[in-house]
Structure formats: C-alpha cells, structure tokens
>>> print(open('upload_6.txt').read())   # compact mmCIF, C-alpha atoms
# COMPACT_ATOMS: atom_id res chain seq x y z
CA MET A 282 -2.30 -44.78 259.16
CA SER A 283 -0.51 -48.07 258.73
CA LEU A 284 3.05 -48.29 257.51
CA LYS A 285 1.99 -50.01 254.31
CA GLU A 286 -0.47 -47.27 253.51
CA LEU A 287 2.27 -44.73 254.07
CA GLY A 288 4.59 -46.68 251.79
CA ASP A 289 1.98 -46.75 249.05
CA ARG A 290 1.43 -43.05 249.29
CA LEU A 291 5.16 -42.42 249.18
CA ALA A 292 5.53 -44.56 246.06
CA GLU A 293 2.64 -42.77 244.44
CA ALA A 294 4.12 -39.38 245.22
CA ARG A 295 7.48 -40.45 243.81
CA ASN A 296 5.82 -41.62 240.60
CA ARG A 297 4.03 -38.33 240.27
CA GLN A 298 7.32 -36.52 240.79
CA ASP A 299 8.96 -38.45 238.00
CA GLY A 300 6.27 -37.33 235.63
CA GLY A 301 5.41 -40.68 234.03
CA GLY A 302 8.20 -41.90 231.82
CA GLY A 303 10.89 -39.98 233.58
CA GLY A 304 13.06 -39.96 230.49
CA GLY A 305 14.04 -36.38 230.97
CA ARG A 306 13.34 -33.65 228.55
CA PHE A 307 15.72 -33.06 225.74
CA GLY A 308 17.29 -29.68 225.64
CA GLY A 309 17.84 -27.08 228.28
CA ASP A 310 15.72 -24.13 227.35
CA VAL A 311 17.49 -21.57 229.44
CA PRO A 312 15.93 -18.16 229.04
CA ARG A 313 18.84 -16.10 227.87
CA SER A 314 19.67 -12.66 226.63
CA SER A 315 20.79 -12.26 223.05
CA LEU A 316 24.29 -11.44 224.32
CA GLY A 317 24.31 -14.71 226.21
CA TRP A 318 23.23 -16.48 223.05
CA ALA A 319 25.90 -14.85 220.98
CA PHE A 320 28.54 -15.74 223.53
CA ARG A 321 27.42 -19.33 223.86
CA ILE A 322 27.29 -19.91 220.11
CA GLY A 323 30.67 -18.25 219.66
CA VAL A 324 32.29 -20.41 222.31
CA ASP A 325 30.76 -23.56 220.83
CA LEU A 326 31.98 -22.64 217.37
CA VAL A 327 35.54 -21.88 218.42
CA SER A 328 36.07 -24.65 220.96
CA ALA A 329 35.80 -27.44 218.38
CA LEU A 330 38.23 -25.57 216.16
CA VAL A 331 40.67 -25.26 219.06
CA VAL A 332 40.44 -28.98 219.74
CA GLY A 333 40.89 -29.79 216.06
CA VAL A 334 43.91 -27.57 215.63
CA GLY A 335 45.37 -28.89 218.90
CA ILE A 336 45.05 -32.51 217.78
CA GLY A 337 46.39 -31.70 214.33
CA TRP A 338 49.38 -29.84 215.70
CA PHE A 339 50.09 -32.63 218.18
CA LEU A 340 49.97 -35.34 215.47
CA ASP A 341 52.23 -33.29 213.21
CA HIS A 342 54.61 -32.61 216.05
CA THR A 343 54.80 -36.33 216.85
CA PHE A 344 55.18 -37.65 213.31
CA GLY A 345 57.09 -34.70 211.83
CA THR A 346 54.61 -34.13 209.00
CA MET A 347 54.13 -30.50 209.77
CA PRO A 348 51.32 -29.06 207.71
CA LEU A 349 49.42 -32.26 206.85
CA PHE A 350 47.38 -33.11 209.95
CA LEU A 351 47.15 -29.48 211.02
CA VAL A 352 45.33 -28.59 207.80
CA LEU A 353 43.18 -31.73 207.90
CA PHE A 354 42.09 -31.28 211.50
CA PHE A 355 41.63 -27.56 211.06
CA PHE A 356 38.86 -28.26 208.58
CA LEU A 357 37.43 -31.15 210.60
CA GLY A 358 37.39 -28.89 213.66
CA ALA A 359 35.69 -26.13 211.73
CA VAL A 360 32.98 -28.55 210.58
CA ALA A 361 32.60 -29.92 214.11
CA GLY A 362 32.19 -26.37 215.39
CA ALA A 363 29.49 -25.70 212.82
CA LEU A 364 27.84 -28.97 213.86
CA ASN A 365 27.93 -27.86 217.51
CA VAL A 366 26.24 -24.61 216.62
CA TRP A 367 23.67 -26.37 214.45
CA ARG A 368 22.78 -28.76 217.28
CA LEU A 369 22.55 -25.94 219.80
CA VAL A 370 20.35 -23.84 217.56
CA THR A 371 17.99 -26.67 216.59
CA ARG A 372 17.77 -27.86 220.17
CA MET A 373 16.77 -24.41 221.33
CA GLY A 374 14.03 -24.26 218.72
CA MET A 375 15.54 -21.47 216.67
CA VAL A 376 15.31 -23.47 213.46
CA SER A 377 12.19 -25.22 212.28
CA THR A 378 13.15 -28.79 211.49
CA GLY A 379 9.79 -30.24 212.49
CA LYS A 380 8.04 -30.56 209.15
CA PRO A 381 10.46 -29.70 206.40
CA ALA A 382 8.38 -31.35 203.65
CA GLU A 383 5.28 -29.40 204.50
CA GLN A 384 7.12 -26.14 204.60
CA ALA A 385 8.92 -26.81 201.37
CA SER A 386 5.65 -27.49 199.58
CA ALA A 387 4.09 -24.25 200.72
CA PRO A 388 6.68 -21.51 200.60
CA GLY A 389 4.34 -18.68 201.34
CA PRO A 390 5.26 -15.19 202.40
CA ASP A 391 5.51 -16.47 205.97
CA ASP A 392 8.49 -18.67 205.11
CA ASP A 393 11.12 -17.20 207.37
CA ARG A 394 14.00 -19.57 206.80
CA GLY A 395 15.95 -17.23 204.64
CA SER A 396 15.35 -13.97 206.42
CA SER A 397 17.79 -14.01 209.28
CA GLY A 398 17.57 -10.26 209.70
CA ARG A 399 13.94 -10.19 210.65
CA GLY A 400 13.98 -12.11 213.91
CA MET B 152 40.27 -6.78 245.31
CA ILE B 153 37.49 -6.30 242.84
CA ALA B 154 34.86 -3.82 243.80
CA ALA B 155 37.15 -1.94 246.17
CA PRO B 156 38.53 1.31 244.85
CA PRO B 157 42.24 0.92 244.16
CA ALA B 158 44.29 2.24 247.02
CA ALA B 159 46.21 4.48 244.66
CA ALA B 160 44.42 7.71 245.52
CA GLU B 161 47.00 8.72 248.06
CA GLY B 162 49.86 9.57 245.68
CA GLY B 163 53.04 7.62 245.16
CA ARG B 164 51.47 4.12 245.11
CA LYS B 165 51.15 2.64 241.66
CA LEU B 166 47.66 1.95 240.36
CA ALA B 167 47.08 -1.80 240.24
CA GLY B 168 46.45 -3.08 236.72
CA PRO B 169 43.10 -4.63 235.91
CA LEU B 170 44.63 -8.08 235.59
CA GLU B 171 46.61 -8.06 238.83
CA GLN B 172 43.58 -9.32 240.74
CA PHE B 173 43.98 -12.69 239.00
CA GLU B 174 47.53 -13.21 240.18
CA VAL B 175 48.08 -16.44 242.08
CA LYS B 176 50.20 -15.83 245.16
CA ARG B 177 51.93 -18.45 247.24
CA LEU B 178 50.78 -18.23 250.82
CA VAL B 179 52.51 -21.34 252.17
CA PRO B 180 55.26 -22.56 249.82
CA ILE B 181 55.24 -26.36 249.64
CA THR B 182 57.40 -28.35 247.27
CA ILE B 183 56.89 -32.08 246.81
CA GLY B 184 59.81 -33.50 244.87
CA SER B 185 60.17 -31.05 242.01
CA THR B 186 56.47 -30.19 241.98
CA ASP B 187 55.29 -26.87 243.31
CA ALA B 188 52.33 -27.74 245.51
CA SER B 189 52.16 -24.48 247.41
CA PHE B 190 49.07 -23.41 249.25
CA THR B 191 48.07 -20.39 247.20
CA ASN B 192 45.32 -17.81 247.45
CA ALA B 193 43.40 -19.95 244.94
CA SER B 194 43.66 -22.95 247.25
CA LEU B 195 42.63 -20.76 250.17
CA PHE B 196 39.45 -19.63 248.43
CA MET B 197 38.61 -23.14 247.26
CA ALA B 198 38.92 -24.30 250.85
CA LEU B 199 36.85 -21.32 251.96
CA ALA B 200 34.17 -22.21 249.42
CA VAL B 201 33.99 -25.77 250.75
CA VAL B 202 33.84 -24.51 254.34
CA ALA B 203 31.16 -21.95 253.44
CA ILE B 204 29.05 -24.58 251.66
CA THR B 205 29.34 -26.95 254.62
CA VAL B 206 28.42 -24.23 257.10
CA PHE B 207 25.55 -23.07 254.88
CA LEU B 208 24.02 -26.53 254.49
CA VAL B 209 24.82 -28.16 257.82
CA GLY B 210 24.06 -25.02 259.80
CA GLY B 211 20.86 -24.42 257.90
CA MET B 212 19.57 -27.94 258.42
CA ARG B 213 20.61 -28.18 262.08
CA GLY B 214 17.16 -27.25 263.33
CA ARG B 215 15.34 -29.70 261.02
CA ALA B 216 12.20 -27.67 261.59
CA LEU B 217 9.00 -28.74 259.87
CA ILE B 218 8.35 -25.10 259.07
CA PRO B 219 11.76 -23.87 257.92
CA GLY B 220 13.19 -20.55 258.94
CA ARG B 221 15.05 -18.30 256.53
CA TRP B 222 18.35 -20.12 256.65
CA GLN B 223 16.82 -23.58 256.39
CA SER B 224 14.67 -22.33 253.51
CA MET B 225 17.76 -21.26 251.60
CA ALA B 226 19.45 -24.61 252.16
CA GLU B 227 16.31 -26.49 251.11
CA LEU B 228 15.82 -24.20 248.14
CA SER B 229 19.29 -24.92 246.78
CA TYR B 230 18.67 -28.64 247.21
CA GLU B 231 15.27 -28.47 245.53
CA PHE B 232 16.63 -26.35 242.71
CA VAL B 233 19.34 -28.83 241.75
CA ALA B 234 17.07 -31.82 242.35
CA GLY B 235 14.50 -30.34 239.97
CA MET B 236 17.17 -29.61 237.41
CA VAL B 237 18.45 -33.19 237.51
CA ARG B 238 14.92 -34.62 237.35
CA GLU B 239 13.92 -32.48 234.40
CA ASN B 240 17.09 -32.73 232.36
CA VAL B 241 18.47 -36.17 233.12
CA GLY B 242 15.33 -38.04 234.11
CA SER B 243 14.67 -40.41 236.96
CA LYS B 244 17.76 -42.45 236.15
CA GLY B 245 19.84 -39.41 236.93
CA ARG B 246 18.90 -39.39 240.58
CA GLN B 247 21.96 -41.40 241.57
CA TYR B 248 24.18 -38.68 240.13
CA PHE B 249 22.54 -35.97 242.19
CA PRO B 250 25.37 -35.70 244.78
CA LEU B 251 27.87 -35.08 241.99
CA ILE B 252 25.75 -32.42 240.29
CA PHE B 253 24.88 -30.75 243.57
CA SER B 254 28.52 -30.57 244.72
CA LEU B 255 29.53 -29.20 241.36
CA PHE B 256 26.83 -26.55 241.39
CA MET B 257 27.52 -25.41 244.94
CA PHE B 258 31.29 -25.32 244.45
CA ILE B 259 31.05 -23.17 241.33
CA LEU B 260 28.30 -20.99 242.76
CA PHE B 261 30.21 -20.28 245.96
CA GLY B 262 33.43 -19.78 244.03
CA ASN B 263 31.74 -17.18 241.84
CA LEU B 264 29.97 -15.47 244.72
CA LEU B 265 33.00 -15.41 247.04
CA GLY B 266 34.81 -13.65 244.22
CA MET B 267 32.27 -10.84 244.43
CA ILE B 268 33.46 -9.93 247.94
CA PRO B 269 36.01 -7.10 247.76
CA TYR B 270 39.63 -8.16 248.31
CA SER B 271 38.79 -11.79 247.61
CA PHE B 272 40.05 -14.04 244.83
CA THR B 273 37.87 -15.65 242.16
CA PHE B 274 39.25 -19.10 241.47
CA THR B 275 36.69 -19.72 238.72
CA SER B 276 38.34 -16.94 236.69
CA HIS B 277 41.30 -19.24 236.04
CA ILE B 278 40.95 -21.48 233.03
CA ILE B 279 42.97 -24.26 234.61
CA VAL B 280 40.41 -24.51 237.42
CA THR B 281 37.38 -24.48 235.13
CA PHE B 282 39.09 -26.85 232.72
CA ALA B 283 39.86 -29.27 235.53
CA LEU B 284 36.18 -29.19 236.52
CA ALA B 285 35.02 -29.63 232.92
CA ALA B 286 37.53 -32.42 232.25
CA PHE B 287 36.30 -34.18 235.38
CA VAL B 288 32.72 -33.91 234.11
CA PHE B 289 33.83 -35.17 230.70
CA VAL B 290 35.56 -38.23 232.19
CA VAL B 291 32.63 -39.02 234.48
CA VAL B 292 30.11 -38.72 231.64
CA THR B 293 32.19 -40.91 229.33
CA VAL B 294 32.69 -43.54 232.03
CA VAL B 295 28.96 -43.54 232.79
CA ALA B 296 28.15 -43.99 229.10
CA LEU B 297 30.69 -46.79 228.72
CA ALA B 298 29.49 -48.54 231.87
CA ARG B 299 25.84 -48.36 230.84
CA HIS B 300 26.12 -49.14 227.16
CA GLY B 301 29.47 -50.88 226.79
CA LEU B 302 30.77 -50.84 223.24
CA HIS B 303 27.36 -49.75 222.04
CA PHE B 304 28.44 -46.29 223.23
CA PHE B 305 30.57 -45.89 220.12
CA THR B 306 27.48 -45.80 217.91
CA TYR B 307 27.04 -42.36 219.42
CA PHE B 308 29.67 -41.18 216.97
CA PHE B 309 27.80 -42.42 213.94
CA PRO B 310 24.23 -41.19 213.53
CA GLN B 311 21.66 -43.76 212.53
CA GLY B 312 20.65 -43.73 208.90
CA ALA B 313 23.77 -42.02 207.62
CA PRO B 314 25.36 -43.66 204.58
CA VAL B 315 28.26 -45.92 205.54
CA ALA B 316 30.44 -44.36 202.87
CA MET B 317 30.36 -41.13 204.87
CA ALA B 318 31.78 -42.82 207.99
CA PRO B 319 35.40 -41.70 207.49
CA LEU B 320 34.20 -38.11 207.45
CA ILE B 321 31.39 -38.24 209.99
CA ILE B 322 33.16 -40.16 212.74
CA PRO B 323 36.15 -37.78 213.13
CA ILE B 324 33.79 -34.82 213.09
CA GLU B 325 31.54 -36.35 215.74
CA ILE B 326 34.54 -37.26 217.88
CA LEU B 327 35.90 -33.71 217.60
CA SER B 328 32.49 -32.35 218.50
CA TYR B 329 32.42 -34.63 221.53
CA LEU B 330 35.94 -33.65 222.56
CA SER B 331 35.10 -29.96 222.27
CA ARG B 332 32.60 -30.24 225.12
CA PRO B 333 35.02 -29.77 228.03
CA VAL B 334 36.74 -26.96 226.15
CA SER B 335 33.56 -24.98 225.54
CA LEU B 336 32.31 -25.74 229.05
CA SER B 337 35.48 -24.41 230.66
CA ILE B 338 35.94 -21.42 228.37
CA ARG B 339 32.38 -20.27 228.97
CA LEU B 340 32.72 -20.13 232.76
CA PHE B 341 36.26 -18.77 232.81
CA ALA B 342 35.66 -16.07 230.19
CA ASN B 343 32.50 -14.83 231.86
CA MET B 344 34.14 -14.52 235.26
CA MET B 345 37.36 -13.04 234.00
CA ALA B 346 35.67 -10.50 231.70
CA GLY B 347 33.31 -9.35 234.43
CA HIS B 348 35.98 -8.87 237.04
CA THR B 349 38.31 -7.10 234.62
CA MET B 350 35.51 -4.74 233.67
CA LEU B 351 34.75 -3.97 237.32
CA LYS B 352 38.40 -3.16 237.91
CA VAL B 353 38.68 -0.96 234.85
CA PHE B 354 35.68 1.11 235.89
CA ALA B 355 37.00 1.32 239.44
CA MET B 356 40.24 2.74 238.00
CA PHE B 357 38.27 5.30 236.01
CA THR B 358 36.54 6.34 239.21
CA VAL B 359 39.88 7.11 240.80
CA LEU B 360 41.47 8.74 237.79
CA MET B 361 38.57 11.04 236.88
CA GLY B 362 38.44 12.80 240.21
CA ILE B 363 35.22 14.77 240.61
CA PHE B 364 33.69 13.21 237.50
CA GLY B 365 34.33 9.80 238.96
CA PHE B 366 30.69 9.45 239.95
CA ALA B 367 29.79 8.38 236.39
CA PRO B 368 32.02 5.26 236.33
CA LEU B 369 31.09 4.67 239.95
CA ALA B 370 27.42 4.46 238.94
CA VAL B 371 28.39 2.08 236.14
CA ASN B 372 30.28 0.01 238.67
CA VAL B 373 27.29 -0.25 240.96
CA ALA B 374 25.19 -1.53 238.06
CA LEU B 375 27.98 -3.87 236.96
CA THR B 376 28.32 -5.31 240.45
CA GLY B 377 24.64 -6.23 240.39
CA PHE B 378 25.06 -7.68 236.93
CA GLU B 379 28.09 -9.67 238.03
CA VAL B 380 26.16 -11.29 240.87
CA LEU B 381 23.59 -12.34 238.26
CA VAL B 382 26.33 -13.70 236.01
CA ALA B 383 27.90 -15.56 238.94
CA VAL B 384 24.66 -17.44 239.62
CA LEU B 385 23.77 -17.85 235.95
CA GLN B 386 27.13 -19.31 234.98
CA ALA B 387 27.02 -21.81 237.83
CA TYR B 388 23.56 -22.75 236.56
CA VAL B 389 24.71 -23.02 232.93
CA PHE B 390 27.68 -25.19 233.85
CA THR B 391 25.44 -27.48 235.88
CA ILE B 392 22.65 -27.72 233.33
CA LEU B 393 25.11 -28.59 230.57
CA THR B 394 26.55 -31.30 232.81
CA CYS B 395 22.98 -32.58 233.20
CA LEU B 396 22.47 -32.58 229.42
CA TYR B 397 25.71 -34.47 228.83
CA LEU B 398 24.68 -36.95 231.49
CA HIS B 399 21.29 -37.30 229.78
CA ASP B 400 23.05 -38.07 226.50
CA ALA B 401 25.29 -40.57 228.25
CA ILE B 402 22.40 -42.40 229.90
CA HIS B 403 20.01 -42.37 226.97
CA LEU B 404 22.40 -42.19 223.97
CA HIS B 405 20.78 -40.00 221.30
>>> encode(input="upload_6.txt", output="structure tokens")
Amino acid sequence: MSLKELGDRLAEARNRQDGGGGGGRFGGDVPRSSLGWAFRIGVDLVSALVVGVGIGWFLDHTFGTMPLFLVLFFFLGAVAGALNVWRLVTRMGMVSTGKPAEQASAPGPDDDRGSSGRG
Amino acid sequence: MIAAPPAAAEGGRKLAGPLEQFEVKRLVPITIGSTDASFTNASLFMALAVVAITVFLVGGMRGRALIPGRWQSMAELSYEFVAGMVRENVGSKGRQYFPLIFSLFMFILFGNLLGMIPYSFTFTSHIIVTFALAAFVFVVVTVVALARHGLHFFTYFFPQGAPVAMAPLIIPIEILSYLSRPVSLSIRLFANMMAGHTMLKVFAMFTVLMGIFGFAPLAVNVALTGFEVLVAVLQAYVFTILTCLYLHDAIHLH
C-alpha cells in the first residue's frame, strides 16, 4: 500500500469519525436518577441566586446604599436561576417546546403540560 | 479515614466527628511572606493524584502492544472515553481542547477515587478546590469565546429576536445566569463528595456505637461504599461533560 493511499484512508476514517458536520450535539443527555435530577436542578436554581445576592451585597457594600442593589440583584438572581432551570429542563427534553402551535390547537386528553404529578 | 471504623472502640479515645475527616492539616509548614503556603494533606493527595495518573497512563502505554493487555486497555479506554465525549459534545473543533478536558477529568476522577481509600483525604470535598477548578474552566471558556468571536461574543447575552426594550432586564439576567455556571459546577461536585463521605462516617460511627446490632449500619455502609464509588466516577463525568457543553457554547455561540 502506498503512503498516499494510506493517507487517503486515514482522512476518510477521520471524516467518518467526525460524523459529517461535526458540529457537536446540543445537550448532554446523561442518564440520571431522579435524585440526581432533583439535585442538579436545585443547585442550578440556587447558584444564580447566590451570585445575584453576592453581587448585590458587594455593590451595596462599596457604594453604601445598603438595601438597594441587594434587593434588585436578589430578584435578578432568582429570575436567572429560574432561567437556568428552564434551559436545563428544555435541553433534557422534559418540556415539549417543539411544536407549541400544534399542541395549543389540539388540547386533547393527552395534553400533559399541566399535569406535573403524572410523570 | 472514611470507610475505616473509628478507632474509638477501645475505650478512652474520643469518637472522631463525621466532619473531622475534612480537616486540612499542615504537613510541612511553609510561609512565603505573610502567606501560608504549607504543604498540607490536601496538597499531598493532589500530588498523589497526579503521580497516580502519570503512572497509570505512562505505565499502561509502556508496552505499546497492538493487542492491549488489561492495563493498557484501561489507559486506552479512559482516553477513548474522553475523546468520544469531546467529539460528541463539542464537535470536531473541540479536538484541540482535548488535553485540557482529559487532564481535568483524570484529576477529578483520581481525586474522587483516592478519597475512597480508607485513611485518605478527599480534596474534591473542599469547595475551594472545586471552585478553583470551575473558575479555571470559566476563564478558559470565556477566553476561548472572546478569542473566536471577538466582541460578537457579547451577543450571547441578548437572545436574537427579543425586543430591544427588554434589554435592560434581559442582559443582567443572562449575565447572572452565565456567572452562576462556575458556582453551580463547583457546588455540585463538592456537595456530592462531602455528603457521601459524611454519610459513610456517620454510619461507621453507628456501627461502633450499636455494638452487636452494628451489623445493620455496617451493611448499609457496604452498600454506600459501592454507591460512593459510582458517585465518584459519575461526578467526574458530570463535571467534564458540563465543561464540554460550555466549550460547545463558546465555540458555536447559541
């Protein structure tokens, strides 16, 4: 086998390994226990709040405006935490965001968006 | 110090508390200026982890056999595992960051697993260690994003199609969400390790205190030890895969 032939085969194998576009798949679908889920969502929810309160407290401490930024960033942090959880949950396919119009037009008995207790 | 029964059975000695295993002890006191830079048991186990990884990989690959033996298989398996993770989650552009991801994974994995050996110290159960790792990841990811996209990176904080009037509200929220990444990354690893090891210690104490009925907590401890090994590997995996996802976001933006 010539060197060029070998090089071609190597390149071909590398292309196959990349799986075409090689853009990477979005979302890490880690198979997890429900406890792991609960823990992960909880941490994501709280961490943004911690960051928000930390920044707010620091700004207040620096400028001497004690409750102002703390309150403001508390709420911003809470929203950011909710956003984190929302992203995590949609990324993992727990919420159906694919065809909202279709689902809204046909709210049959199978519509499970409101029944969180069933899953 | 974890899975070993506390040496308090022979009377007189005080039973070690469940949190004493996390105490950082100075082994070689070093002071640089006014900074305490002592070589502690945490430093010792970090160094041990690095040595163990080096021995594991270099020793395993020494033979370079075409048909790998057990040891070489393990070394190749760890390489393949991380390589596959990077390829699937970051894409082909992520290949140049493989050494970083691999080092990170092996360091955390060996840190977690070394902690499972009785009388050892788990450095990943300290939030300052996990936060340093997560902050390092955060800085690297941000620098990569800035280097690849320049100022265009800042559009990451404002989703396309959102009304401009909402910008004063959306941008701070997005920035906070971005800043919360290292915090959640570090808390997840630290809390898992610390909770597991505390639980092991508590059940080990029950074993000693309950005398003849100690077999029940002992059985729980056996199961927990197995579970903790699983958690040790899983948390190293979770930390690494989240790093990959952040890197994916940094390279591809949205």
>>> closest_residue(input="upload_6.txt", among="A:Met373, A:Ile322, A:Leu316, A:Gly358", to="Ile336 (chain A)", atoms="only C-alpha atoms")
A:Gly358
>>> residues_around(input="upload_6.txt", residues="Leu357 (chain A)", least_positions_apart="4", cutoff="10 Å", atoms="all atoms listed in the file", output="ChimeraX atom specification")
/A:329-330,332-334,337,351-353,361-363 /B:320-321,323-328
>>> interface_residues(input="upload_6.txt", of="chain B", to="chain A", cutoff="8 Å", atoms="all atoms listed in the file", output="PDB file with C-alpha atoms, in the coordinates of the input")
ATOM      1  CA  ARG B 238      14.920 -34.620 237.350  1.00  0.00           C
ATOM      2  CA  GLU B 239      13.920 -32.480 234.400  1.00  0.00           C
ATOM      3  CA  ASN B 240      17.090 -32.730 232.360  1.00  0.00           C
ATOM      4  CA  VAL B 241      18.470 -36.170 233.120  1.00  0.00           C
ATOM      5  CA  GLY B 242      15.330 -38.040 234.110  1.00  0.00           C
ATOM      6  CA  SER B 243      14.670 -40.410 236.960  1.00  0.00           C
ATOM      7  CA  LYS B 244      17.760 -42.450 236.150  1.00  0.00           C
ATOM      8  CA  PRO B 323      36.150 -37.780 213.130  1.00  0.00           C
ATOM      9  CA  ILE B 324      33.790 -34.820 213.090  1.00  0.00           C
ATOM     10  CA  GLU B 325      31.540 -36.350 215.740  1.00  0.00           C
ATOM     11  CA  LEU B 327      35.900 -33.710 217.600  1.00  0.00           C
ATOM     12  CA  SER B 328      32.490 -32.350 218.500  1.00  0.00           C
ATOM     13  CA  LEU B 330      35.940 -33.650 222.560  1.00  0.00           C
ATOM     14  CA  SER B 331      35.100 -29.960 222.270  1.00  0.00           C
ATOM     15  CA  ARG B 332      32.600 -30.240 225.120  1.00  0.00           C
ATOM     16  CA  VAL B 334      36.740 -26.960 226.150  1.00  0.00           C
ATOM     17  CA  SER B 335      33.560 -24.980 225.540  1.00  0.00           C
ATOM     18  CA  ILE B 338      35.940 -21.420 228.370  1.00  0.00           C
ATOM     19  CA  ARG B 339      32.380 -20.270 228.970  1.00  0.00           C
ATOM     20  CA  ILE B 392      22.650 -27.720 233.330  1.00  0.00           C
ATOM     21  CA  LEU B 393      25.110 -28.590 230.570  1.00  0.00           C
ATOM     22  CA  LEU B 396      22.470 -32.580 229.420  1.00  0.00           C
ATOM     23  CA  HIS B 399      21.290 -37.300 229.780  1.00  0.00           C
TER      24      HIS B 399
END
>>> atom_distance(input="upload_6.txt", atom1="CA of Tyr329 (chain B)", atom2="CA of Phe350 (chain A)")
19.0 Å
>>> atom_distance(input="upload_6.txt", atom1="CA of Ala355 (chain B)", atom2="CA of Leu375 (chain B)")
10.7 Å
>>> residues_around(input="upload_6.txt", residues="His348 (chain B)", least_positions_apart="2", cutoff="9 Å", atoms="only C-alpha atoms", output="short mmCIF file (atom, residue, chain, number, x, y, z; two decimals) with C-alpha atoms, in the coordinates of the input")
data_model
loop_
_atom_site.label_atom_id
_atom_site.label_comp_id
_atom_site.auth_asym_id
_atom_site.auth_seq_id
_atom_site.Cartn_x
_atom_site.Cartn_y
_atom_site.Cartn_z
CA ILE B 153 37.49 -6.30 242.84
CA ALA B 154 34.86 -3.82 243.80
CA PRO B 169 43.10 -4.63 235.91
CA LEU B 170 44.63 -8.08 235.59
CA GLN B 172 43.58 -9.32 240.74
CA GLY B 266 34.81 -13.65 244.22
CA MET B 267 32.27 -10.84 244.43
CA THR B 273 37.87 -15.65 242.16
CA SER B 276 38.34 -16.94 236.69
CA ASN B 343 32.50 -14.83 231.86
CA MET B 344 34.14 -14.52 235.26
CA MET B 345 37.36 -13.04 234.00
CA ALA B 346 35.67 -10.50 231.70
CA MET B 350 35.51 -4.74 233.67
CA LEU B 351 34.75 -3.97 237.32
CA LYS B 352 38.40 -3.16 237.91
CA VAL B 353 38.68 -0.96 234.85
CA GLU B 379 28.09 -9.67 238.03
#
>>> atom_distance(input="upload_6.txt", atom1="CA of Leu302 (chain B)", atom2="CA of Ile402 (chain B)")
13.6 Å
>>> closest_atom_pairs(input="upload_6.txt", of="region 258-295 of chain B", to="region 183-195 of chain B", cutoff="9 Å", atoms="all atoms listed in the file", output="JSON lines")
{"residue": "B:Ser271", "atom": "CA", "partner": "B:Asn192", "partner_atom": "CA", "distance": 8.9}
{"residue": "B:Phe272", "atom": "CA", "partner": "B:Ala193", "partner_atom": "CA", "distance": 6.8}
{"residue": "B:Thr273", "atom": "CA", "partner": "B:Ala193", "partner_atom": "CA", "distance": 7.5}
{"residue": "B:Phe274", "atom": "CA", "partner": "B:Ala193", "partner_atom": "CA", "distance": 5.5}
>>> residues_around(input="upload_6.txt", residues="Ala296 (chain B)", least_positions_apart="3", cutoff="12 Å", atoms="all atoms listed in the file", output="number ranges by chain")
B: 289-293, 299-307, 397-405
>>> residues_around(input="upload_6.txt", residues="Ile279 (chain B)", least_positions_apart="5", cutoff="9 Å", atoms="all atoms listed in the file", output="list in words")
Leu284, Ser337 and Phe341 of chain B
>>> closest_residue(input="upload_6.txt", among="B:Leu340, B:Ala374, B:Met197, B:Gly210", to="Ile278 (chain B)", atoms="all atoms listed in the file")
B:Leu340
>>> decode(input="upload_6.txt", residues="region 285-316 of chain B", atoms="C-alpha atoms", output="short mmCIF file (atom, residue, chain, number, x, y, z; two decimals), in the first residue's frame")
data_model
loop_
_atom_site.label_atom_id
_atom_site.label_comp_id
_atom_site.auth_asym_id
_atom_site.auth_seq_id
_atom_site.Cartn_x
_atom_site.Cartn_y
_atom_site.Cartn_z
CA ALA B 285 -14.64 25.57 37.99
CA ALA B 286 -13.32 29.14 37.91
CA PHE B 287 -10.43 27.95 35.76
CA VAL B 288 -12.91 26.33 33.36
CA PHE B 289 -15.00 29.50 33.36
CA VAL B 290 -11.99 31.69 32.50
CA VAL B 291 -10.78 29.32 29.78
CA VAL B 292 -14.25 29.09 28.20
CA THR B 293 -14.70 32.87 28.25
CA VAL B 294 -11.26 33.46 26.77
CA VAL B 295 -11.94 30.89 24.03
CA ALA B 296 -15.25 32.57 23.21
CA LEU B 297 -13.66 36.02 23.13
CA ALA B 298 -10.75 34.82 21.00
CA ARG B 299 -13.02 33.10 18.49
CA HIS B 300 -15.80 35.63 18.23
CA GLY B 301 -14.30 38.87 19.47
CA LEU B 302 -16.90 41.41 20.50
CA HIS B 303 -19.56 39.33 18.80
CA PHE B 304 -19.38 37.17 21.94
CA PHE B 305 -21.44 39.74 23.81
CA THR B 306 -24.48 39.00 21.66
CA TYR B 307 -24.57 35.80 23.69
CA PHE B 308 -26.16 37.84 26.45
CA PHE B 309 -29.00 39.06 24.29
CA PRO B 310 -31.07 36.40 22.55
CA GLN B 311 -31.94 37.03 18.93
CA GLY B 312 -35.44 38.26 18.28
CA ALA B 313 -36.04 39.65 21.74
CA PRO B 314 -37.49 43.16 21.83
CA VAL B 315 -34.82 45.81 22.36
CA ALA B 316 -36.90 47.45 25.07
#
